[in-house]
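Worksheet for the structure shown next.
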Amino acid sequence: MFFCVQVYKDPSKGELPLLPEEHVQDSAKDVTYICPFIGPVRGSLSVTNYRLFFRCTDREPVFGLDLPLGVLSRVEKIGAATSRGDVSYGLACKDMRNLRFVHKEPEDSLKKSVFEVLMKFAFPVSNNMSLFAFEYKQVFPENGWKVYDPLAEYKRQGLPNESWRISKVNDHYELCDSYPAALVVPVTITDEELRRVSSFRAKGRIPVLSWIHPESQAAVVRASQPMVGQNGRRCKEDEKLLQAIMDANAQSHKMFIFDARPSVNAAANKMKGGGYESEDAYQNAELVFLDIHNIHVMRESLRKLKEVVYPNIEDSHWLSNLESTHWLEHIKLILAGALRIADKVESGKTSVVVHCSDGWDRTPQLTSLALIMLDSHYRTIRGFQILLEKEWLSFGHRFQQRVGHGDKNHTDADRSPIFLQFIDCVWQMTRQFPAAFEFNEYFLITILDHLYSCLFGTFLCNSEQQRLKEEVPKHTVSLWSFVNSQLEEFVNPLYVGYPSHVLFPTVGIRHLQLWVTYYIRWNPRMRPQEPVHQRYKELLAKRAELQKRVEELQREAANRTASSSSERAGSPTRSITPVQTFV
Amino acid sequence: MAFCLLYKPVLQFCEIVVNEANFVRKCIGAESCQDDLWGKLVCTNFKVSFIAHNSLPRQCTHRLLGEHDIPLACVEQVVTVNDVKGKQKILGSNQKLKFNPTELILYCKDFRIIRFRFDEAGPESAKKVCLAIAHYSHPADPQLLFGFEYVGKRYHGSTGERVNGVDPGGGLQTPLFDCSSDWDREIKRTGASEWRVCTINQGYFISPSLPEFFVVPVSLADQDLKQYACCFYSQRIPLWCWNHSSGSALVRMSNISDPQQQRKVEQRISSAITKSHPLRSDVFKSDLDKNLPNIQDIQAALLKLRQICVIDSFEESEEKWLSSLESSRWMEYVRTFLRHAVEVVYMLESRHVSVILLEKEDRDLSCVISCLVQLMCDPHCRSLHSFQGLIQKEWVMAGHRFLDRCNHLKRNDKEESPVFLLFLDCVWQLWNQYPAAFEFTEVYLTVLGDSMWVPVFSTFLFNCPRQRAEHSRDFASSKSIHLGQDQALCFPPVWDWSQQFSLKDQTLFNNPLYVGKIATCVQNGTVKTFTHRRSKKNYSSTLRGLPSALRNGSLGPNDTLTRRNSLMLRLRSDLSQVREQQETPSERFVRDFFSRPVDLQGLLLPQLLPSHLSVWKLYFLRWVPEAQIPQGGPITAFHKLSVLTDEIEMLQNQLRQYQGAAGTPNNLHAEHSKMYFKATSTPHQSPAPPEYLSSSFPFSPVGNLCRPGILGTPLSKLLNGAKIWLSTETLANETI
């Protein structure tokens with residue numbers, strides 16, 4: 001099947017590749033793109049309601065740039081016009097590159113420059129317009145909005161059962177507006193008690209089940225920080241809830257609370273009314289801090305990384321420069337935290353509660369990575385989609401805030417590459433276990449590209465409630481519609497799916513590597529390594545061809561044997577080698 | 001899968017036990033001793049052996065060495081410790097030991113660190129065995145290296161017939177380049193018609209370090225060569241290495257020692273090389289000493305790399321791993337060598353000129369560069385046997401001082417340098433970037449590196465062919481060995497892999513991805529060689545509807561993945577239009593290469609961005625328990641690929657059988673299969689990778705890396721290292 005999402009007509013003839021409902025808004029000739037790799041390139045630039053398209057026609061071969069406006073985080077005029085009336089524009093992108101253009105200002109001062117038009121369409125939210133995802137009306141044979149059904153997923157995990165029930169207390173998002181409607185809680189805790197717990201947990205994000213071990217019944221539970229404050233407030237319902245979580249697992253008389261933060265940060269949160277569980281109040285719980293830093297540290301780390309990898313890599317100090325960004329160190333801490341959680345659940349048969357401050361950044365990073373380690377279902381393509389829908393989207397990772405879709409406020413302190421970091425961690429695991437994941441690297445890159453593109457509705461809004469309110473599923477296309485309609489593109493041919501296999505990655509820096517095919521992909525010196533997957537597919541095709549031929553011959557031989565055995569009844573030994581019976 | 005329950009050491013034919021101690025404990029874990037093994041520690045004239053009372057089965061067995069054996073040549077340093085008295089001593093040959101050792105630590109050249117404890121052993125026997133190990137690992141004379149006994153004993157059959165089937169290579173497919181016919185074949189193969197085999201060094205009368213046969217321009221007569229020889233360092237007449245298909249030659253040359261003759265001789269040589277070029281092209285001289293690190297630099301880099309890989313505590317080195325790796329400079333040197341080779345390739349490939357590799361002695365750096373150039377340019381060299389032939393030609397015959405560089409005699413540390421290992425790392429980088437282009441695997445490269453420390457093979461025992469001839473003649477006469485027809489003892493080359501491994505284990509060397517040989521496809525009933533070039537159809541499908549001019553190699557994963565819809569953000573840049581003033585012609589050559597689809601049977605250039613070179617983990621980190629990925633690592637992909645390739649082989653056999661050809665019956669398939677991991681009887685059902693696979697496979701860190709405890713590193717340092725990066729105090733003792 002071939003889905004014509006993007007049709008390239010012949011760009012050299014000046015025809016733009018347009019999506020359904022995509023329209024050219026403005027274009028300009030004589031724009032110069034200052035390519036950091038090859039120097040200035042003159043050509044024409046077009047802006048649609050979805051993308052920026054730059055094409056250079058006066059050179060052979062043709063040079064082009066084609067990017068969704070969603071990746072732009074900042075568009076700004078650099079300096080004043082030169083004597084020739086040239087104005088320089090800098091475009092900072094969310095996908096690790098910066099672009100620079102030079103353009104002559106229109107002499108007619110009433111006419112808007114193409115870059116002003118660009119600014120309008122790059123930041124529709126700031127300009128009271130809707131995102132392109134709401135216009136894009138591509139129809140795919142698969143409906144990605146149906147991928148995740150919470151009740152079906154909980155049923156797969158064997159829930160509800162004698163210890164856990166599915167509560168409707170948050171059906172109308174009254175208990176917690178950033179949580180999903182369906183919550184799994186211990187049967188011994190009433191909805192009334194849950195309401196009381198919600199006043200004790202930051203943003204009302206109460207401890208609820210994410211995953212349960214099919215054999216030991218050890219559970220992964222997520223929450224936000226308890227509102228302990230400086231005075232050490234306690235909440236007996238919260239204490240009862242955690243006790244109930246522990247009791248639901250008969251295998252262990254202990255439980256672990258993983259606080260993702262460094263202990264200093266957790267303590268500092270007490271000043272703001274937050275904090276962490278004291279071991280006095282939660283007697284059978286052991287508290288562990290995982291030392292993962294906050295969104296601001298991560299944003300800064302990625303900023304440094306961008307400096308180190310774009311546009312050029314400094315040959316002589318590459319490794320120490322990379323080290324100074326701390327990016328891999330953060331990746332390591334997140335993976336190490338997830339590994340400890342998975343290990344407690346799998347080897348210790350202990351239930352765990354995971355939280356950070358609000359429970360929507362570091363918490364989904366940790367729980368979803370631990371779930372990938374524990375449950376092979378989440379390593380399939382559809383399972384991974386369910387995981388994202390569940391742990392990230394339904395549990396309210398603030399995608400709109402963290403990515404800043406269509407918002408021109410690029411200095412917003414709420415932006416942070418939390419989700420990118422998670423995908424990077426997944427990629428690191430796929431490197432260590434090349435046969436354990438059904439999806440390939442292109443799948444992960446596609447997810448990241450459409451995290452920013454605003455072509456699909458999947459990553460819009462901050463919570464399930466908001467998405468329902470905006471009717472996102474009704475008005476936009478899901479990324480999974482696109483992906484699941486052409487799955488073969490995203491399949492890792494080396495995948496061996498074997499159930500109940502727990503992955504314990506090695507989290508040392510020695511085994512982590514920079515994801516060059518993502519972070520350095522714009523560098524023309526960069527070339528992907530020889531594709532083993534491609535070769536593997538060729539071998540698969542070869543095998544299929546050979547199998548067909550062997551089967552044909554087998555059938556032929558069987559027919560001959562059948563006819564010959566009727567002639568030579570009583571000499572069965574001869575028919576063992578069918579070819580020779582006719583010789 | 002040997003189950004070793006014998007309490008006796010397994011000895012080679014001519015191996016003798018020198019000393020032994022009972023009730024020795026071999027440390028397995030760093031901290032606790034509950035996994036430690038009890039057994040007997042034995043020192044022979046070949047190895048340090050530990051015979052455990054309860055041994056575990058192994059995946060891969062070595063024919064010369066048991067699970068706990070270390071060849072003496074592999075022992076780098078012998079350290080004895082008395083932790084009660086707080087003393088330690090590094091033992092050399094013929095030394096005394098004033099305390100009774102409680103512990104023996106062996107630092108090995110292959111990065112292993114092995115620890116034995118003598119708590120229950122008799123103090124005297126412990127001391128004796130330590131002294132014996134120290135003494136025997138420092139042989140005073142090359143003829144005391146085990147290889148001589150090993151080979152010599154084989155001539156002691158009653159009729160002078162060889163025992164154990166020593167075969168000087170007749171049965172091998174690897175050309176050894178010790179006879180003129182191997183050189184003739186190489187001249188023919190590369191079309192170097194203007195070059196000839198020269199025999200003036202027969203009997204090594206001209207140059208002590210050159211082989212008896214080598215190749216020179218036809219325009220130089222023997223008489224001229226004899227005259228020029230004295231001008232060169234060690235009378236090393238310039239050696240022909242290889243011819244490019246354009247007719248350009250790759251030649252290696254030592255410095256001219258006589259400054260007065262320099263210009264004249266250089267001119268004669270250059271003009272002779274020019275005459276041998278079909279286009280009469282110029283000669284380009286590439287000065288390796290000026291552009292590359294020297295052997296001491298390389299040695300220093302490896303020592304630092306070893307420090308951070310295996311000696312520093314894992315947690316401690318973890319924090320600064322990247323910057324420490326950088327400051328070791330090992331990766332930088334790997335890159336420098338690869339880059340220099342690319343420069344030479346550019347001259348040959350693009351400028352069509354002949355290249356002379358110039359190095360003072362022409363016995364170290366030239367070996368690396370010349371091999372790398374040939375690997376990049378000549379797909380022939382990427383098959384297993386030709387790769388071995390290449391090493392024979394450019395290392396063994398050209399007189400790389402393996403004896404000195406390996407420091408087998410531990411006599412002169414200044415001469416020790418891991419030039420060959422650096423070369424293997426460069427090859428690994430190429431292999432890692434183009435895994436389908438080579439017939440061999442990284443296990444092969446690792447095992448080849450390890451074989452340097454098994455002092456039995458002609459390949460790594462000598463500084464040059466003449467030394468081999470002399471020593472083996474002397475040894476034979478001193479031991480009154482009747483050599484029969486041979487002129488000297490015939491040492492097996494390392495290429496006779498059956499000396500070390502079973503046929504089954506050797507299949508680990510075969511790369512299931514290799515295109516040239518295994519992937520044959522059957523069409524119309526005939527077996528046809530599969531072309532490795534990406535099919536055109538396949539390629540264009542990545543860019544449906546786009547004019548070819550719009551695509552290039554800058555798109556990252558675009559090229560690796562075929563796709564129908566391109567929703568990916570793309571930057572298309574035209575690489576051939578880069579501002580030329582900024583770029584040297586060779587950079588342009590490299591860029592052009594990367595803008596084209598790669599042909600695995602053609603030129604291969606390595607990606608040289610520092611972000612694209614990796615640490616050769618299998619070699620350097622295989623013993624580090626913390627760095628092991630249980631049930632993971634590249635081996636799991638290798639497993640899957642092997643099984644698939646094996647299925648294809650099986651189906652091809654079946655086809656042949658059905659077609660009535662003299663095919664192998666099905667049941668013989670298993671024995672003949674080239675793959676270590678076999679297809680199951682139910683194809684289409686992917687078997688799960690076996691449980692024992694780990695990123696270290698087929699090696700195991702168990703008991704092979706015991707970082708020194710109390711005395712090896714200061715205790716304070718050790719305790720600091722124990723503070724793990726992610727734990728609170730309550731969890732400090734937990735292992736995850």
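Chain lettering (A, B, ...) mirrors the order of the structure tokens, residue numbering begins at 1 for each chain separately, and ligand numbering begins at 1 in order of display.
By only C-alpha atoms, and with residues fewer than 6 positions from Ala21 (chain B) along its chain excluded, the set lying at most 8 Å from it is Lys40, Leu41, Val42, Ala121, Gly122, Ser125, Ala126 and Val129 of chain B.
Taking only C-alpha atoms, the non-local environment of region 189-205 of chain A within 7 Å (same-chain residues fewer than 6 positions away omitted) comprises A:Val169, A:Leu175, A:Cys176, A:Tyr179, A:Ala223, A:Ser224, A:Gln225, A:Pro226, A:Met227, A:Cys235, A:Glu237, A:Asp238, A:Leu241, A:Asp358.
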Mind the document's chain letters and residue numbers, and return as a PyMOL selection string the residues of region 453-544 of chain A that DSSP labels alpha helix (DSSP H). chain A and resi 453+464-469+472-475+479-484+516-519+532-544
Selected residues written out with N, CA, C and O atoms, as a tab-separated table (two decimals), in the first residue's frame:
```
chain	number	residue	atom	x	y	z
A	453	SER	N	6.54	18.47	14.76
A	453	SER	CA	6.00	18.93	13.48
A	453	SER	C	4.59	19.53	13.58
A	453	SER	O	4.21	20.31	12.73
A	464	GLU	N	-5.01	14.46	29.26
A	464	GLU	CA	-6.14	13.76	28.65
A	464	GLU	C	-7.38	14.65	28.65
A	464	GLU	O	-8.10	14.75	27.67
A	465	GLN	N	-7.56	15.33	29.76
A	465	GLN	CA	-8.73	16.21	29.88
A	465	GLN	C	-8.73	17.29	28.79
A	465	GLN	O	-9.71	17.51	28.11
A	466	GLN	N	-7.56	17.94	28.62
A	466	GLN	CA	-7.46	18.99	27.60
A	466	GLN	C	-7.70	18.45	26.20
A	466	GLN	O	-8.34	19.07	25.38
A	467	ARG	N	-7.15	17.26	25.94
A	467	ARG	CA	-7.32	16.68	24.61
A	467	ARG	C	-8.79	16.38	24.35
A	467	ARG	O	-9.27	16.54	23.23
A	468	LEU	N	-9.51	15.95	25.39
A	468	LEU	CA	-10.94	15.70	25.21
A	468	LEU	C	-11.68	17.00	24.96
A	468	LEU	O	-12.54	17.10	24.11
A	469	LYS	N	-11.31	18.01	25.73
A	469	LYS	CA	-11.97	19.29	25.62
A	469	LYS	C	-11.77	19.89	24.23
A	469	LYS	O	-12.69	20.42	23.62
A	472	VAL	N	-9.33	16.73	20.32
A	472	VAL	CA	-8.17	16.42	19.49
A	472	VAL	C	-8.37	15.14	18.66
A	472	VAL	O	-8.13	15.15	17.46
A	473	PRO	N	-8.86	14.05	19.28
A	473	PRO	CA	-9.04	12.85	18.46
A	473	PRO	C	-10.03	13.04	17.32
A	473	PRO	O	-9.90	12.40	16.29
A	474	LYS	N	-10.98	13.92	17.50
A	474	LYS	CA	-11.98	14.12	16.46
A	474	LYS	C	-11.41	14.96	15.31
A	474	LYS	O	-11.70	14.72	14.15
A	475	HIS	N	-10.63	15.96	15.65
A	475	HIS	CA	-10.21	16.93	14.63
A	475	HIS	C	-8.82	16.70	14.07
A	475	HIS	O	-8.44	17.39	13.13
A	479	LEU	N	-0.59	10.19	15.11
A	479	LEU	CA	0.68	9.73	14.52
A	479	LEU	C	0.64	8.22	14.27
A	479	LEU	O	1.20	7.73	13.30
A	480	TRP	N	-0.08	7.50	15.15
A	480	TRP	CA	-0.11	6.03	15.01
A	480	TRP	C	-0.93	5.61	13.79
A	480	TRP	O	-0.75	4.51	13.30
A	481	SER	N	-1.83	6.48	13.32
A	481	SER	CA	-2.54	6.16	12.08
A	481	SER	C	-1.53	6.07	10.94
A	481	SER	O	-1.56	5.16	10.12
A	482	PHE	N	-0.65	7.06	10.92
A	482	PHE	CA	0.39	7.10	9.90
A	482	PHE	C	1.34	5.93	10.05
A	482	PHE	O	1.62	5.20	9.09
A	483	VAL	N	1.81	5.70	11.27
A	483	VAL	CA	2.80	4.65	11.50
A	483	VAL	C	2.21	3.27	11.22
A	483	VAL	O	2.78	2.46	10.49
A	484	ASN	N	1.03	3.02	11.77
A	484	ASN	CA	0.48	1.67	11.66
A	484	ASN	C	-0.05	1.34	10.28
A	484	ASN	O	-0.34	0.19	9.98
A	516	VAL	N	24.25	9.54	17.33
A	516	VAL	CA	24.75	10.41	16.25
A	516	VAL	C	23.75	10.51	15.10
A	516	VAL	O	23.63	11.56	14.48
A	517	THR	N	23.04	9.44	14.82
A	517	THR	CA	22.12	9.50	13.69
A	517	THR	C	20.93	10.42	13.97
A	517	THR	O	20.19	10.76	13.08
A	518	TYR	N	20.77	10.80	15.22
A	518	TYR	CA	19.76	11.82	15.50
A	518	TYR	C	20.40	13.20	15.68
A	518	TYR	O	20.08	14.14	14.98
A	519	TYR	N	21.35	13.28	16.61
A	519	TYR	CA	21.87	14.60	16.96
A	519	TYR	C	22.80	15.18	15.90
A	519	TYR	O	22.97	16.39	15.82
A	532	VAL	N	23.04	-2.89	8.46
A	532	VAL	CA	22.93	-4.33	8.66
A	532	VAL	C	21.50	-4.78	8.38
A	532	VAL	O	21.26	-5.84	7.82
A	533	HIS	N	20.57	-3.92	8.75
A	533	HIS	CA	19.17	-4.28	8.59
A	533	HIS	C	18.82	-4.52	7.12
A	533	HIS	O	18.11	-5.45	6.78
A	534	GLN	N	19.35	-3.65	6.28
A	534	GLN	CA	19.09	-3.77	4.85
A	534	GLN	C	19.59	-5.12	4.35
A	534	GLN	O	18.92	-5.85	3.66
A	535	ARG	N	20.79	-5.43	4.78
A	535	ARG	CA	21.44	-6.68	4.39
A	535	ARG	C	20.61	-7.87	4.90
A	535	ARG	O	20.43	-8.87	4.23
A	536	TYR	N	20.11	-7.71	6.11
A	536	TYR	CA	19.33	-8.77	6.70
A	536	TYR	C	18.06	-9.02	5.90
A	536	TYR	O	17.66	-10.15	5.66
A	537	LYS	N	17.45	-7.91	5.46
A	537	LYS	CA	16.23	-8.06	4.67
A	537	LYS	C	16.53	-8.78	3.35
A	537	LYS	O	15.73	-9.58	2.88
A	538	GLU	N	17.66	-8.47	2.77
A	538	GLU	CA	18.05	-9.15	1.54
A	538	GLU	C	18.19	-10.65	1.78
A	538	GLU	O	17.74	-11.47	0.98
A	539	LEU	N	18.79	-10.98	2.92
A	539	LEU	CA	18.97	-12.40	3.23
A	539	LEU	C	17.61	-13.07	3.46
A	539	LEU	O	17.40	-14.20	3.06
A	540	LEU	N	16.69	-12.33	4.09
A	540	LEU	CA	15.35	-12.89	4.30
A	540	LEU	C	14.68	-13.20	2.98
A	540	LEU	O	14.07	-14.25	2.79
A	541	ALA	N	14.82	-12.26	2.03
A	541	ALA	CA	14.22	-12.45	0.72
A	541	ALA	C	14.83	-13.68	0.04
A	541	ALA	O	14.13	-14.48	-0.59
A	542	LYS	N	16.13	-13.81	0.20
A	542	LYS	CA	16.84	-14.95	-0.37
A	542	LYS	C	16.30	-16.25	0.19
A	542	LYS	O	16.05	-17.21	-0.52
A	543	ARG	N	16.10	-16.24	1.51
A	543	ARG	CA	15.61	-17.46	2.14
A	543	ARG	C	14.22	-17.81	1.62
A	543	ARG	O	13.95	-18.97	1.31
A	544	ALA	N	13.39	-16.80	1.50
A	544	ALA	CA	12.03	-17.05	1.02
A	544	ALA	C	12.06	-17.65	-0.38
A	544	ALA	O	11.35	-18.61	-0.69
```
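Among the candidate residues B:Gln433, B:Gln173, B:Ser324, B:Asn294, the one lying nearest to chain A is B:Gln433, with distances computed using only C-alpha atoms.
Reported to one decimal place, the separation of CA of Ser271 (chain B) from CA of Ser209 (chain B) is 24.8 Å.
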So that I can see what lies close to Ile166 (chain A), please list as a PDB file with N, CA and C atoms, in the first residue's frame the residues with an atom at most 9 Å from it, counting only C-alpha atoms and leaving out residues fewer than 6 positions away in the same chain.
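Written out: result.pdb:
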```
ATOM      1  N   LEU A 151      -8.836   0.243  29.554  1.00  0.00           N
ATOM      2  CA  LEU A 151      -9.399  -0.941  30.200  1.00  0.00           C
ATOM      3  C   LEU A 151      -8.831  -2.215  29.583  1.00  0.00           C
ATOM      4  N   TYR A 154      -5.332  -2.636  30.973  1.00  0.00           N
ATOM      5  CA  TYR A 154      -5.340  -3.158  32.342  1.00  0.00           C
ATOM      6  C   TYR A 154      -5.786  -4.616  32.364  1.00  0.00           C
ATOM      7  N   LEU A 159      -5.976  -7.046  35.349  1.00  0.00           N
ATOM      8  CA  LEU A 159      -6.654  -6.149  36.275  1.00  0.00           C
ATOM      9  C   LEU A 159      -8.065  -5.856  35.784  1.00  0.00           C
ATOM     10  N   PRO A 160      -9.045  -5.648  36.638  1.00  0.00           N
ATOM     11  CA  PRO A 160      -8.909  -5.712  38.099  1.00  0.00           C
ATOM     12  C   PRO A 160      -8.763  -7.146  38.600  1.00  0.00           C
ATOM     13  N   ALA A 182      -9.469   6.654  34.035  1.00  0.00           N
ATOM     14  CA  ALA A 182      -9.433   5.332  34.674  1.00  0.00           C
ATOM     15  C   ALA A 182      -8.186   5.200  35.527  1.00  0.00           C
ATOM     16  N   LEU A 183      -8.399   4.900  36.808  1.00  0.00           N
ATOM     17  CA  LEU A 183      -7.268   4.748  37.723  1.00  0.00           C
ATOM     18  C   LEU A 183      -7.353   3.393  38.410  1.00  0.00           C
ATOM     19  N   VAL A 184      -6.193   2.763  38.594  1.00  0.00           N
ATOM     20  CA  VAL A 184      -6.182   1.473  39.279  1.00  0.00           C
ATOM     21  C   VAL A 184      -5.645   1.678  40.692  1.00  0.00           C
ATOM     22  N   VAL A 185      -6.462   1.310  41.670  1.00  0.00           N
ATOM     23  CA  VAL A 185      -6.108   1.531  43.071  1.00  0.00           C
ATOM     24  C   VAL A 185      -6.400   0.257  43.870  1.00  0.00           C
ATOM     25  N   PRO A 186      -5.837   0.154  45.079  1.00  0.00           N
ATOM     26  CA  PRO A 186      -6.111  -1.035  45.896  1.00  0.00           C
ATOM     27  C   PRO A 186      -7.602  -1.129  46.250  1.00  0.00           C
ATOM     28  N   VAL A 187      -8.145  -2.322  46.295  1.00  0.00           N
ATOM     29  CA  VAL A 187      -9.577  -2.486  46.569  1.00  0.00           C
ATOM     30  C   VAL A 187      -9.935  -1.990  47.968  1.00  0.00           C
TER      31      VAL A 187
END
```
Residue set, region 280-397 of chain A restricted to strand (DSSP E), as JSON, numbers by chain: {"A": [285, 286, 287, 288, 289, 351, 352, 353, 354, 355]}
For the residues in the current selection, export N, CA, C and O atoms as a compact mmCIF listing (two decimals), in the first residue's frame.
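Wrote out.txt, looks like this:
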```
# COMPACT_ATOMS: atom_id res chain seq x y z
N ALA A 285 8.33 1.21 54.40
CA ALA A 285 8.81 1.69 53.09
C ALA A 285 10.23 2.18 53.22
O ALA A 285 10.62 2.74 54.23
N GLU A 286 11.00 1.93 52.20
CA GLU A 286 12.36 2.45 52.18
C GLU A 286 12.44 3.47 51.06
O GLU A 286 12.00 3.21 49.93
N LEU A 287 12.98 4.63 51.40
CA LEU A 287 13.00 5.72 50.44
C LEU A 287 14.37 5.78 49.76
O LEU A 287 15.40 5.71 50.41
N VAL A 288 14.36 5.89 48.44
CA VAL A 288 15.62 5.97 47.69
C VAL A 288 15.57 7.19 46.77
O VAL A 288 14.58 7.39 46.07
N PHE A 289 16.62 7.99 46.80
CA PHE A 289 16.69 9.12 45.87
C PHE A 289 17.50 8.71 44.65
O PHE A 289 18.53 8.06 44.76
N SER A 351 6.97 -4.23 45.59
CA SER A 351 6.25 -3.16 44.93
C SER A 351 7.02 -1.86 45.11
O SER A 351 7.72 -1.68 46.11
N VAL A 352 6.87 -0.98 44.13
CA VAL A 352 7.59 0.29 44.21
C VAL A 352 6.65 1.45 43.92
O VAL A 352 5.69 1.31 43.15
N VAL A 353 6.90 2.57 44.58
CA VAL A 353 6.20 3.81 44.26
C VAL A 353 7.25 4.75 43.67
O VAL A 353 8.35 4.87 44.21
N VAL A 354 6.93 5.36 42.53
CA VAL A 354 7.88 6.27 41.90
C VAL A 354 7.26 7.66 41.86
O VAL A 354 6.10 7.81 41.47
N HIS A 355 8.01 8.64 42.31
CA HIS A 355 7.53 10.01 42.12
C HIS A 355 8.70 10.96 42.01
O HIS A 355 9.85 10.62 42.32
```
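Between chain A and the candidates B:Arg335, B:Arg466, B:Lys479, B:Lys410, the tightest atom-to-atom separation, counting only C-alpha atoms, involves B:Arg335.
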Excluding Gln631 (chain B) and residues on its chain fewer than 4 positions from it, collect all residues at most 8 Å away from it, counting only C-alpha atoms, and give them as a compact mmCIF listing (two decimals) with all heavy atoms, in the first residue's frame.
```txt
# COMPACT_ATOMS: atom_id res chain seq x y z
N PHE A 433 20.50 -4.20 23.08
CA PHE A 433 19.75 -5.43 22.80
C PHE A 433 19.18 -5.35 21.39
O PHE A 433 17.99 -5.09 21.20
CB PHE A 433 18.64 -5.63 23.83
CG PHE A 433 19.14 -5.68 25.25
CD1 PHE A 433 19.10 -4.57 26.06
CD2 PHE A 433 19.67 -6.86 25.75
CE1 PHE A 433 19.57 -4.62 27.37
CE2 PHE A 433 20.15 -6.92 27.05
CZ PHE A 433 20.11 -5.81 27.86
N THR B 636 23.94 -10.71 19.96
CA THR B 636 22.56 -11.20 19.80
C THR B 636 22.08 -10.98 18.37
O THR B 636 21.33 -11.79 17.83
CB THR B 636 21.60 -10.53 20.79
OG1 THR B 636 21.78 -9.11 20.73
CG2 THR B 636 21.86 -10.98 22.21
N PRO B 689 17.97 -15.99 21.63
CA PRO B 689 19.41 -16.14 21.81
C PRO B 689 19.68 -16.96 23.07
O PRO B 689 18.96 -16.82 24.06
CB PRO B 689 19.89 -14.70 22.01
CG PRO B 689 18.80 -13.82 21.53
CD PRO B 689 17.53 -14.60 21.65
N PRO B 690 20.66 -17.83 23.01
CA PRO B 690 20.95 -18.66 24.19
C PRO B 690 21.26 -17.80 25.41
O PRO B 690 21.79 -16.70 25.28
CB PRO B 690 22.20 -19.44 23.78
CG PRO B 690 22.36 -19.24 22.33
CD PRO B 690 21.56 -18.07 21.91
N GLU B 691 20.93 -18.33 26.55
CA GLU B 691 21.07 -17.59 27.81
C GLU B 691 22.49 -17.13 28.09
O GLU B 691 22.71 -16.11 28.69
CB GLU B 691 20.63 -18.49 28.98
CG GLU B 691 19.15 -18.84 28.97
CD GLU B 691 18.35 -17.88 29.82
OE1 GLU B 691 18.82 -17.56 30.92
OE2 GLU B 691 17.27 -17.46 29.38
N TYR B 692 23.45 -17.96 27.64
CA TYR B 692 24.83 -17.67 28.03
C TYR B 692 25.42 -16.51 27.24
O TYR B 692 26.51 -16.04 27.54
CB TYR B 692 25.71 -18.91 27.88
CG TYR B 692 25.71 -19.51 26.49
CD1 TYR B 692 26.44 -18.91 25.47
CD2 TYR B 692 24.99 -20.65 26.19
CE1 TYR B 692 26.43 -19.44 24.19
CE2 TYR B 692 24.97 -21.19 24.93
CZ TYR B 692 25.71 -20.58 23.92
OH TYR B 692 25.68 -21.09 22.66
N LEU B 693 24.74 -16.04 26.21
CA LEU B 693 25.31 -14.95 25.42
C LEU B 693 25.41 -13.68 26.24
O LEU B 693 24.52 -13.35 27.00
CB LEU B 693 24.43 -14.67 24.19
CG LEU B 693 24.50 -15.65 23.04
CD1 LEU B 693 23.77 -15.07 21.85
CD2 LEU B 693 25.93 -15.97 22.66
N SER B 694 26.51 -13.00 26.06
CA SER B 694 26.64 -11.69 26.66
C SER B 694 27.53 -10.88 25.75
O SER B 694 28.10 -11.42 24.80
CB SER B 694 27.28 -11.78 28.05
OG SER B 694 28.68 -11.85 27.92
N SER B 695 27.63 -9.59 26.04
CA SER B 695 28.44 -8.76 25.16
C SER B 695 29.91 -9.18 25.16
O SER B 695 30.66 -8.80 24.29
CB SER B 695 28.32 -7.30 25.59
OG SER B 695 28.69 -7.16 26.94
```
For Gly406 (chain A), list every protein, DNA or RNA residue within 7 Å, evaluated using only C-alpha atoms, and leave out those in the same chain fewer than 4 positions away; present the list as an MDAnalysis selection string. chainID A and resid 70 122:126 131
Can you tell me which residues surround Ile113 (chain B) at a distance of at most 9 Å, considering only C-alpha atoms, apart from same-chain residues fewer than 5 positions away, and format the answer as a PyMOL selection string? chain B and resi 105-108+310-311+623+703-708
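Considering only C-alpha atoms, the residue among A:Thr476, A:Ser368, A:Ser376, A:Asn440 positioned nearest to chain B is A:Asn440.
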